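Coordinates as given in work28.pdb (PDB, C-alpha atoms and all ligand atoms):
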ATOM      1  CA  MET A   1      97.320 164.065 150.767  1.00  0.00           C
ATOM      2  CA  LYS A   2      97.471 166.279 153.802  1.00  0.00           C
ATOM      3  CA  LYS A   3      94.574 168.115 155.360  1.00  0.00           C
ATOM      4  CA  HIS A   4      95.332 171.465 157.005  1.00  0.00           C
ATOM      5  CA  LYS A   5      93.171 173.205 159.557  1.00  0.00           C
ATOM      6  CA  ILE A   6      93.160 176.958 160.097  1.00  0.00           C
ATOM      7  CA  THR A   7      92.139 178.474 163.402  1.00  0.00           C
ATOM      8  CA  LEU A   8      90.458 181.875 163.313  1.00  0.00           C
ATOM      9  CA  SER A   9      89.574 183.991 166.309  1.00  0.00           C
ATOM     10  CA  PHE A  10      87.325 186.951 167.015  1.00  0.00           C
ATOM     11  CA  LEU A  11      85.933 188.720 170.048  1.00  0.00           C
ATOM     12  CA  GLU A  12      82.217 188.908 170.741  1.00  0.00           C
ATOM     13  CA  PHE A  13      80.645 191.637 172.859  1.00  0.00           C
ATOM     14  CA  LYS A  14      77.032 191.655 174.024  1.00  0.00           C
ATOM     15  CA  SER A  15      76.532 195.403 173.646  1.00  0.00           C
ATOM     16  CA  VAL A  16      78.333 198.667 172.842  1.00  0.00           C
ATOM     17  CA  ASP A  17      78.688 199.270 176.586  1.00  0.00           C
ATOM     18  CA  GLU A  18      81.259 196.460 176.703  1.00  0.00           C
ATOM     19  CA  LEU A  19      83.456 198.010 173.993  1.00  0.00           C
ATOM     20  CA  ASN A  20      86.503 200.142 174.703  1.00  0.00           C
ATOM     21  CA  ASP A  21      86.041 203.884 174.055  1.00  0.00           C
ATOM     22  CA  ASP A  22      87.864 203.881 170.693  1.00  0.00           C
ATOM     23  CA  ASP A  23      85.856 200.976 169.270  1.00  0.00           C
ATOM     24  CA  ARG A  24      82.565 202.428 170.546  1.00  0.00           C
ATOM     25  CA  THR A  25      83.299 205.844 169.037  1.00  0.00           C
ATOM     26  CA  LEU A  26      84.250 204.329 165.686  1.00  0.00           C
ATOM     27  CA  LEU A  27      81.118 202.181 165.581  1.00  0.00           C
ATOM     28  CA  LEU A  28      78.933 205.190 166.391  1.00  0.00           C
ATOM     29  CA  ARG A  29      80.551 207.117 163.534  1.00  0.00           C
ATOM     30  CA  ALA A  30      79.840 204.178 161.196  1.00  0.00           C
ATOM     31  CA  LYS A  31      76.205 204.203 162.323  1.00  0.00           C
ATOM     32  CA  GLU A  32      75.929 207.905 161.529  1.00  0.00           C
ATOM     33  CA  ALA A  33      77.601 207.284 158.156  1.00  0.00           C
ATOM     34  CA  ALA A  34      75.029 204.616 157.256  1.00  0.00           C
ATOM     35  CA  LYS A  35      72.328 207.311 157.266  1.00  0.00           C
ATOM     36  CA  ASN A  36      74.174 209.035 154.386  1.00  0.00           C
ATOM     37  CA  ALA A  37      74.244 205.958 152.168  1.00  0.00           C
ATOM     38  CA  TYR A  38      73.002 206.229 148.613  1.00  0.00           C
ATOM     39  CA  ALA A  39      71.285 202.874 148.248  1.00  0.00           C
ATOM     40  CA  PRO A  40      68.102 203.370 146.204  1.00  0.00           C
ATOM     41  CA  TYR A  41      68.450 199.928 144.566  1.00  0.00           C
ATOM     42  CA  SER A  42      69.300 197.568 147.417  1.00  0.00           C
ATOM     43  CA  LYS A  43      67.738 199.700 150.197  1.00  0.00           C
ATOM     44  CA  PHE A  44      70.574 198.318 152.327  1.00  0.00           C
ATOM     45  CA  ARG A  45      72.372 201.298 153.839  1.00  0.00           C
ATOM     46  CA  VAL A  46      75.896 200.477 154.948  1.00  0.00           C
ATOM     47  CA  GLY A  47      78.121 202.740 157.032  1.00  0.00           C
ATOM     48  CA  ALA A  48      81.843 202.441 157.670  1.00  0.00           C
ATOM     49  CA  ALA A  49      84.371 204.439 159.646  1.00  0.00           C
ATOM     50  CA  VAL A  50      88.135 204.033 159.650  1.00  0.00           C
ATOM     51  CA  CYS A  51      90.496 205.262 162.330  1.00  0.00           C
ATOM     52  CA  LEU A  52      94.016 206.351 161.399  1.00  0.00           C
ATOM     53  CA  ALA A  53      97.085 206.058 163.618  1.00  0.00           C
ATOM     54  CA  ASN A  54      96.904 209.810 164.295  1.00  0.00           C
ATOM     55  CA  GLY A  55      93.324 209.421 165.597  1.00  0.00           C
ATOM     56  CA  THR A  56      91.574 210.913 162.556  1.00  0.00           C
ATOM     57  CA  ILE A  57      88.289 209.200 161.655  1.00  0.00           C
ATOM     58  CA  ILE A  58      87.097 209.037 158.040  1.00  0.00           C
ATOM     59  CA  ILE A  59      83.605 207.809 157.197  1.00  0.00           C
ATOM     60  CA  GLY A  60      82.078 206.167 154.143  1.00  0.00           C
ATOM     61  CA  SER A  61      78.743 204.783 153.026  1.00  0.00           C
ATOM     62  CA  ASN A  62      77.713 202.630 150.091  1.00  0.00           C
ATOM     63  CA  GLN A  63      77.227 204.538 146.852  1.00  0.00           C
ATOM     64  CA  GLU A  64      75.051 202.724 144.333  1.00  0.00           C
ATOM     65  CA  ASN A  65      74.505 203.328 140.635  1.00  0.00           C
ATOM     66  CA  ALA A  66      71.831 202.481 138.052  1.00  0.00           C
ATOM     67  CA  VAL A  67      74.633 200.485 136.404  1.00  0.00           C
ATOM     68  CA  TYR A  68      74.916 198.198 139.416  1.00  0.00           C
ATOM     69  CA  PRO A  69      78.631 197.187 139.303  1.00  0.00           C
ATOM     70  CA  VAL A  70      79.688 200.836 139.252  1.00  0.00           C
ATOM     71  CA  GLY A  71      78.584 201.270 142.877  1.00  0.00           C
ATOM     72  CA  LEU A  72      81.017 200.915 145.749  1.00  0.00           C
ATOM     73  CA  CYS A  73      80.744 199.435 149.235  1.00  0.00           C
ATOM     74  CA  ALA A  74      80.892 201.647 152.317  1.00  0.00           C
ATOM     75  CA  GLU A  75      84.140 200.097 153.566  1.00  0.00           C
ATOM     76  CA  ARG A  76      86.046 200.860 150.376  1.00  0.00           C
ATOM     77  CA  VAL A  77      84.586 204.371 150.148  1.00  0.00           C
ATOM     78  CA  ALA A  78      85.961 205.043 153.662  1.00  0.00           C
ATOM     79  CA  LEU A  79      89.248 203.198 153.146  1.00  0.00           C
ATOM     80  CA  PHE A  80      90.116 204.776 149.790  1.00  0.00           C
ATOM     81  CA  SER A  81      89.083 208.230 150.968  1.00  0.00           C
ATOM     82  CA  ALA A  82      91.328 207.880 154.042  1.00  0.00           C
ATOM     83  CA  GLN A  83      94.270 206.690 151.967  1.00  0.00           C
ATOM     84  CA  ALA A  84      93.787 209.412 149.366  1.00  0.00           C
ATOM     85  CA  GLN A  85      93.851 212.105 152.041  1.00  0.00           C
ATOM     86  CA  TYR A  86      96.405 210.593 154.432  1.00  0.00           C
ATOM     87  CA  PRO A  87      98.666 208.285 152.374  1.00  0.00           C
ATOM     88  CA  ASP A  88     101.283 208.022 155.123  1.00  0.00           C
ATOM     89  CA  GLN A  89      98.919 207.243 157.980  1.00  0.00           C
ATOM     90  CA  PRO A  90      98.478 203.573 158.911  1.00  0.00           C
ATOM     91  CA  ILE A  91      94.852 202.519 159.293  1.00  0.00           C
ATOM     92  CA  VAL A  92      94.356 200.927 162.681  1.00  0.00           C
ATOM     93  CA  ALA A  93      90.638 200.096 162.757  1.00  0.00           C
ATOM     94  CA  LEU A  94      87.494 199.942 160.633  1.00  0.00           C
ATOM     95  CA  ALA A  95      83.908 199.713 161.887  1.00  0.00           C
ATOM     96  CA  VAL A  96      81.036 198.577 159.694  1.00  0.00           C
ATOM     97  CA  THR A  97      77.290 198.478 160.217  1.00  0.00           C
ATOM     98  CA  ALA A  98      74.098 198.759 158.159  1.00  0.00           C
ATOM     99  CA  ILE A  99      70.466 199.807 158.222  1.00  0.00           C
ATOM    100  CA  GLY A 100      68.000 197.445 156.545  1.00  0.00           C
ATOM    101  CA  SER A 101      64.666 198.284 154.995  1.00  0.00           C
ATOM    102  CA  ASP A 102      62.658 195.360 156.345  1.00  0.00           C
ATOM    103  CA  GLY A 103      63.187 194.932 160.074  1.00  0.00           C
ATOM    104  CA  LYS A 104      66.146 195.776 162.265  1.00  0.00           C
ATOM    105  CA  ILE A 105      69.444 194.071 161.497  1.00  0.00           C
ATOM    106  CA  SER A 106      70.297 192.170 164.671  1.00  0.00           C
ATOM    107  CA  GLN A 107      73.492 190.398 163.612  1.00  0.00           C
ATOM    108  CA  PRO A 108      76.979 191.744 162.805  1.00  0.00           C
ATOM    109  CA  VAL A 109      77.383 193.022 159.225  1.00  0.00           C
ATOM    110  CA  PRO A 110      80.253 191.138 157.552  1.00  0.00           C
ATOM    111  CA  PRO A 111      82.387 192.980 154.950  1.00  0.00           C
ATOM    112  CA  CYS A 112      82.225 191.485 151.448  1.00  0.00           C
ATOM    113  CA  GLY A 113      85.198 189.643 149.962  1.00  0.00           C
ATOM    114  CA  SER A 114      86.306 192.564 147.783  1.00  0.00           C
ATOM    115  CA  CYS A 115      86.376 194.879 150.802  1.00  0.00           C
ATOM    116  CA  ARG A 116      88.341 192.280 152.760  1.00  0.00           C
ATOM    117  CA  GLN A 117      90.907 192.203 149.958  1.00  0.00           C
ATOM    118  CA  ALA A 118      91.152 196.016 150.057  1.00  0.00           C
ATOM    119  CA  MET A 119      91.577 195.892 153.849  1.00  0.00           C
ATOM    120  CA  ILE A 120      94.394 193.365 153.472  1.00  0.00           C
ATOM    121  CA  GLU A 121      96.180 195.775 151.126  1.00  0.00           C
ATOM    122  CA  ALA A 122      95.874 198.558 153.737  1.00  0.00           C
ATOM    123  CA  GLU A 123      97.279 196.222 156.373  1.00  0.00           C
ATOM    124  CA  SER A 124     100.274 195.129 154.296  1.00  0.00           C
ATOM    125  CA  ARG A 125     100.888 198.635 152.931  1.00  0.00           C
ATOM    126  CA  HIS A 126     101.500 199.997 156.427  1.00  0.00           C
ATOM    127  CA  ASN A 127     102.497 196.736 158.142  1.00  0.00           C
ATOM    128  CA  GLN A 128      99.815 197.482 160.706  1.00  0.00           C
ATOM    129  CA  PRO A 129      97.200 194.971 161.923  1.00  0.00           C
ATOM    130  CA  LEU A 130      93.706 196.167 161.045  1.00  0.00           C
ATOM    131  CA  ARG A 131      91.034 195.818 163.716  1.00  0.00           C
ATOM    132  CA  VAL A 132      87.526 195.336 162.289  1.00  0.00           C
ATOM    133  CA  ILE A 133      84.419 196.062 164.383  1.00  0.00           C
ATOM    134  CA  MET A 134      81.087 194.745 163.082  1.00  0.00           C
ATOM    135  CA  GLN A 135      77.525 195.218 164.281  1.00  0.00           C
ATOM    136  CA  GLY A 136      74.002 195.410 162.887  1.00  0.00           C
ATOM    137  CA  GLU A 137      71.512 198.000 164.101  1.00  0.00           C
ATOM    138  CA  GLU A 138      71.404 196.144 167.409  1.00  0.00           C
ATOM    139  CA  GLY A 139      72.664 192.907 168.893  1.00  0.00           C
ATOM    140  CA  PRO A 140      76.148 191.479 169.397  1.00  0.00           C
ATOM    141  CA  ILE A 141      79.353 193.073 168.189  1.00  0.00           C
ATOM    142  CA  ILE A 142      82.172 191.082 166.645  1.00  0.00           C
ATOM    143  CA  VAL A 143      85.745 192.348 166.643  1.00  0.00           C
ATOM    144  CA  SER A 144      88.488 190.815 164.518  1.00  0.00           C
ATOM    145  CA  GLU A 145      91.953 191.903 165.627  1.00  0.00           C
ATOM    146  CA  LYS A 146      93.709 191.348 162.300  1.00  0.00           C
ATOM    147  CA  MET A 147      92.749 190.484 158.741  1.00  0.00           C
ATOM    148  CA  ASP A 148      94.081 186.905 158.959  1.00  0.00           C
ATOM    149  CA  ASN A 149      90.896 186.168 160.865  1.00  0.00           C
ATOM    150  CA  LEU A 150      88.630 187.435 158.097  1.00  0.00           C
ATOM    151  CA  MET A 151      90.494 186.083 155.087  1.00  0.00           C
ATOM    152  CA  PRO A 152      92.971 183.225 155.274  1.00  0.00           C
ATOM    153  CA  LEU A 153      95.135 182.047 152.326  1.00  0.00           C
ATOM    154  CA  ILE A 154      95.270 185.557 150.949  1.00  0.00           C
ATOM    155  CA  PHE A 155      96.824 186.884 147.776  1.00  0.00           C
ATOM    156  CA  ALA A 156      98.864 189.915 148.812  1.00  0.00           C
ATOM    157  CA  GLU A 157     101.858 192.047 147.950  1.00  0.00           C
ATOM    158  CA  ASP A 158     104.439 189.605 149.337  1.00  0.00           C
ATOM    159  CA  PHE A 159     103.306 186.930 146.863  1.00  0.00           C
ATOM    160  CA  LEU A 160     103.841 189.264 143.917  1.00  0.00           C
ATOM    161  CA  LYS A 161     107.202 190.343 145.315  1.00  0.00           C
ATOM    162  CA  LYS A 162     108.351 186.756 145.548  1.00  0.00           C
ATOM    163  CA  TYR A 163     107.661 185.863 141.928  1.00  0.00           C
ATOM    164  CA  THR A 164     108.101 189.099 140.012  1.00  0.00           C
ATOM    165  CA  GLU A 165     110.673 191.849 139.622  1.00  0.00           C
ATOM    166  CA  LEU A 166     108.895 193.924 142.282  1.00  0.00           C
ATOM    167  CA  ALA A 167     111.269 192.869 145.064  1.00  0.00           C
TER     168      ALA A 167
HETATM  169  N1  LIG B 201      77.638 196.600 150.714  1.00  0.00           N
HETATM  170  C1  LIG B 201      78.551 197.340 151.400  1.00  0.00           C
HETATM  171  O1  LIG B 201      78.537 198.575 151.364  1.00  0.00           O
HETATM  172  N2  LIG B 201      79.495 196.667 152.104  1.00  0.00           N
HETATM  173  C2  LIG B 201      79.588 195.316 152.184  1.00  0.00           C
HETATM  174  O2  LIG B 201      80.565 194.796 152.714  1.00  0.00           O
HETATM  175  C3  LIG B 201      78.512 194.484 151.656  1.00  0.00           C
HETATM  176  C4  LIG B 201      77.601 195.154 150.700  1.00  0.00           C
HETATM  177  C5  LIG B 201      76.652 197.311 149.921  1.00  0.00           C
HETATM  178  C6  LIG B 201      76.833 197.131 148.437  1.00  0.00           C
HETATM  179  C7  LIG B 201      75.428 197.400 147.946  1.00  0.00           C
HETATM  180  O3  LIG B 201      75.265 198.814 147.806  1.00  0.00           O
HETATM  181  C8  LIG B 201      74.535 196.922 149.071  1.00  0.00           C
HETATM  182  O4  LIG B 201      75.363 196.843 150.211  1.00  0.00           O
HETATM  183  C9  LIG B 201      73.872 195.578 148.815  1.00  0.00           C
HETATM  184  O5  LIG B 201      74.811 194.620 148.459  1.00  0.00           O
END

Go ahead and express the file in the form of structure tokens.
Amino acid sequence: MKKHKITLSFLEFKSVDELNDDDRTLLLRAKEAAKNAYAPYSKFRVGAAVCLANGTIIIGSNQENAVYPVGLCAERVALFSAQAQYPDQPIVALAVTAIGSDGKISQPVPPCGSCRQAMIEAESRHNQPLRVIMQGEEGPIIVSEKMDNLMPLIFAEDFLKKYTELA
């Protein structure tokens, strides 16, 4: 038996003032997007914004449904919308935040596992590291510089290519 250890890294910033201009702008767009969420069931309004290599920003917010699993997270709404409109543009960064209904969210909002998997696909599709910026309504900001930090031991395109006729 062999035990492996994986090292992850992320950056922590005390406030938006410490962020670079691009990250701050993207996070502000995500905060605006959160106000447009359709979240009558969870009352948890999530906003996301993705930045393309050409500088275009596309926003998304969670869209819920009375049939709960039909709804979609803010990150995937933004990501899929960006890729539908600009299929050839690499996605360089994604910011995510949320507005709660019972007190201000003071810790970074982490993307769910399904959204992480979708982000990994965007990264491998364009061979472009994806920067993820996370904050609540206030408090510290966490920045992950590539998806390896948010999801190790991933299942991605290269695995399929290795063992199927896709190669
Ligand atoms: N949600 C997101 O939009 N993104 C995430 O990464 C986590 C969860 C949404 C889904 C649902 O509408 C609500 O938040 C509560 O789970």

Counting all atoms listed in the file, which residues have an atom no more than 9 Å from (90.6, 192.7, 164.1) in the file's coordinates? Please list them as a CSV table (one decimal) with C-alpha atoms, in the frame of the given file.
chain,number,residue,atom,x,y,z
A,10,PHE,CA,87.3,187.0,167.0
A,11,LEU,CA,85.9,188.7,170.0
A,93,ALA,CA,90.6,200.1,162.8
A,94,LEU,CA,87.5,199.9,160.6
A,129,PRO,CA,97.2,195.0,161.9
A,130,LEU,CA,93.7,196.2,161.0
A,131,ARG,CA,91.0,195.8,163.7
A,132,VAL,CA,87.5,195.3,162.3
A,133,ILE,CA,84.4,196.1,164.4
A,142,ILE,CA,82.2,191.1,166.6
A,143,VAL,CA,85.7,192.3,166.6
A,144,SER,CA,88.5,190.8,164.5
A,145,GLU,CA,92.0,191.9,165.6
A,146,LYS,CA,93.7,191.3,162.3
A,147,MET,CA,92.7,190.5,158.7
A,148,ASP,CA,94.1,186.9,159.0
A,149,ASN,CA,90.9,186.2,160.9
A,150,LEU,CA,88.6,187.4,158.1

Exercise for the section: Pick out the residues no farther than 7 Å from ligand LIG 201 (chain B), counting only C-alpha atoms and all ligand atoms, and list them as an MDAnalysis selection string. Expected result: chainID A and resid 39 42 44:46 61:64 71:75 110:112 115

Handout entry: Spatial neighbours of Leu28 in chain A, 12 Å, all atoms listed in the file, chain gap at least 5 places, as a PyMOL selection string
Key = chain A and resi 16-17+19+21-23+33-35+47-50+57+59+94-98+133-138

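Each of A:Gln128, A:Leu79, A:Ser101, A:Ala84 was checked against Tyr41 in chain A using only C-alpha atoms; the smallest atom-to-atom distance is that of A:Ser101.
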
Practice task
Find the distance between CA of Ala53 in chain A and CA of Pro90 in chain A and write it in Å to one decimal.
Solution key: 5.5 Å

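One distance worth recording is that between CA of Ile91 in chain A and CA of Glu123 in chain A, which is 7.4 Å.
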
Handout entry: All residues 9 Å or closer to Glu157 in chain A, all atoms listed in the file, same chain fewer than 4 positions away omitted, as a list in words
Key =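 Once the adjacent positions are removed, what remains is Glu121, Ser124, Arg125, Lys161 and Lys162 of chain A.
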
Writer output for current selection, C-alpha atoms, as a compact mmCIF listing (two decimals), in the coordinates of the input:
# COMPACT_ATOMS: atom_id res chain seq x y z
CA GLU A 121 96.18 195.78 151.13
CA SER A 124 100.27 195.13 154.30
CA ARG A 125 100.89 198.64 152.93
CA LYS A 161 107.20 190.34 145.32
CA LYS A 162 108.35 186.76 145.55

Exercise for the section: Just give me the gap between CA of Tyr86 in chain A and CA of Asn54 in chain A in Å, one decimal is fine. Expected result: 9.9 Å

For range 76-84 of chain A, I'd like the enclosing box, axis-aligned and padded by 5 Å on every side, reported as lines of an AutoDock Vina configuration file with centre and edge lengths in Å to one decimal.
center_x = 89.4
center_y = 205.1
center_z = 151.7
size_x = 19.7
size_y = 18.6
size_z = 14.7

Please, can range 6-17 of chain A be completed to all heavy atoms and returned as a compact mmCIF listing (two decimals), keeping the file's coordinate frame?
# COMPACT_ATOMS: atom_id res chain seq x y z
N ILE A 6 92.80 175.58 159.75
CA ILE A 6 93.16 176.96 160.10
C ILE A 6 92.28 177.40 161.26
O ILE A 6 91.06 177.20 161.24
CB ILE A 6 92.94 177.90 158.89
CG1 ILE A 6 93.89 177.50 157.76
CG2 ILE A 6 93.16 179.35 159.28
CD1 ILE A 6 93.66 178.24 156.46
N THR A 7 92.92 177.97 162.26
CA THR A 7 92.14 178.47 163.40
C THR A 7 91.98 179.98 163.29
O THR A 7 92.95 180.70 163.10
CB THR A 7 92.87 178.15 164.72
OG1 THR A 7 93.11 176.74 164.75
CG2 THR A 7 92.03 178.54 165.93
N LEU A 8 90.76 180.44 163.36
CA LEU A 8 90.46 181.88 163.31
C LEU A 8 89.97 182.29 164.69
O LEU A 8 89.41 181.48 165.43
CB LEU A 8 89.36 182.17 162.30
CG LEU A 8 89.55 181.66 160.88
CD1 LEU A 8 88.31 181.95 160.05
CD2 LEU A 8 90.77 182.28 160.25
N SER A 9 90.13 183.56 165.03
CA SER A 9 89.57 183.99 166.31
C SER A 9 88.95 185.38 166.17
O SER A 9 89.37 186.18 165.33
CB SER A 9 90.66 184.00 167.39
OG SER A 9 91.55 185.05 167.16
N PHE A 10 87.92 185.61 166.95
CA PHE A 10 87.32 186.95 167.02
C PHE A 10 86.72 187.14 168.39
O PHE A 10 86.48 186.16 169.12
CB PHE A 10 86.29 187.15 165.89
CG PHE A 10 85.17 186.16 165.87
CD1 PHE A 10 84.04 186.36 166.65
CD2 PHE A 10 85.25 185.02 165.07
CE1 PHE A 10 82.99 185.43 166.62
CE2 PHE A 10 84.21 184.10 165.04
CZ PHE A 10 83.08 184.30 165.82
N LEU A 11 86.51 188.40 168.74
CA LEU A 11 85.93 188.72 170.05
C LEU A 11 84.45 189.02 169.86
O LEU A 11 84.07 189.62 168.85
CB LEU A 11 86.62 189.96 170.64
CG LEU A 11 88.15 189.98 170.60
CD1 LEU A 11 88.69 191.34 171.06
CD2 LEU A 11 88.72 188.87 171.46
N GLU A 12 83.65 188.60 170.81
CA GLU A 12 82.22 188.91 170.74
C GLU A 12 81.81 189.70 171.99
O GLU A 12 82.16 189.32 173.10
CB GLU A 12 81.39 187.62 170.64
CG GLU A 12 79.91 187.93 170.50
CD GLU A 12 79.03 186.68 170.36
OE1 GLU A 12 79.55 185.61 170.02
OE2 GLU A 12 77.83 186.81 170.62
N PHE A 13 81.11 190.78 171.76
CA PHE A 13 80.64 191.64 172.86
C PHE A 13 79.12 191.67 172.81
O PHE A 13 78.53 191.72 171.73
CB PHE A 13 81.20 193.06 172.72
CG PHE A 13 82.71 193.12 172.75
CD1 PHE A 13 83.44 192.95 171.59
CD2 PHE A 13 83.38 193.34 173.95
CE1 PHE A 13 84.84 193.00 171.61
CE2 PHE A 13 84.78 193.39 173.98
CZ PHE A 13 85.50 193.22 172.81
N LYS A 14 78.51 191.68 173.98
CA LYS A 14 77.03 191.66 174.02
C LYS A 14 76.41 192.99 173.62
O LYS A 14 75.34 193.04 173.04
CB LYS A 14 76.57 191.30 175.44
CG LYS A 14 76.73 189.83 175.78
CD LYS A 14 75.86 189.48 176.99
CE LYS A 14 75.88 187.99 177.28
NZ LYS A 14 77.19 187.55 177.81
N SER A 15 77.09 194.08 173.98
CA SER A 15 76.53 195.40 173.65
C SER A 15 77.66 196.42 173.53
O SER A 15 78.80 196.15 173.94
CB SER A 15 75.54 195.86 174.72
OG SER A 15 76.26 196.37 175.82
N VAL A 16 77.32 197.61 173.01
CA VAL A 16 78.33 198.67 172.84
C VAL A 16 78.93 199.10 174.18
O VAL A 16 80.06 199.57 174.23
CB VAL A 16 77.77 199.91 172.10
CG1 VAL A 16 77.63 199.65 170.62
CG2 VAL A 16 76.46 200.36 172.69
N ASP A 17 78.18 198.89 175.26
CA ASP A 17 78.69 199.27 176.59
C ASP A 17 79.95 198.49 176.95
O ASP A 17 80.76 198.94 177.74
CB ASP A 17 77.62 199.03 177.67
CG ASP A 17 76.32 199.74 177.35
OD1 ASP A 17 76.39 200.80 176.70
OD2 ASP A 17 75.26 199.21 177.70
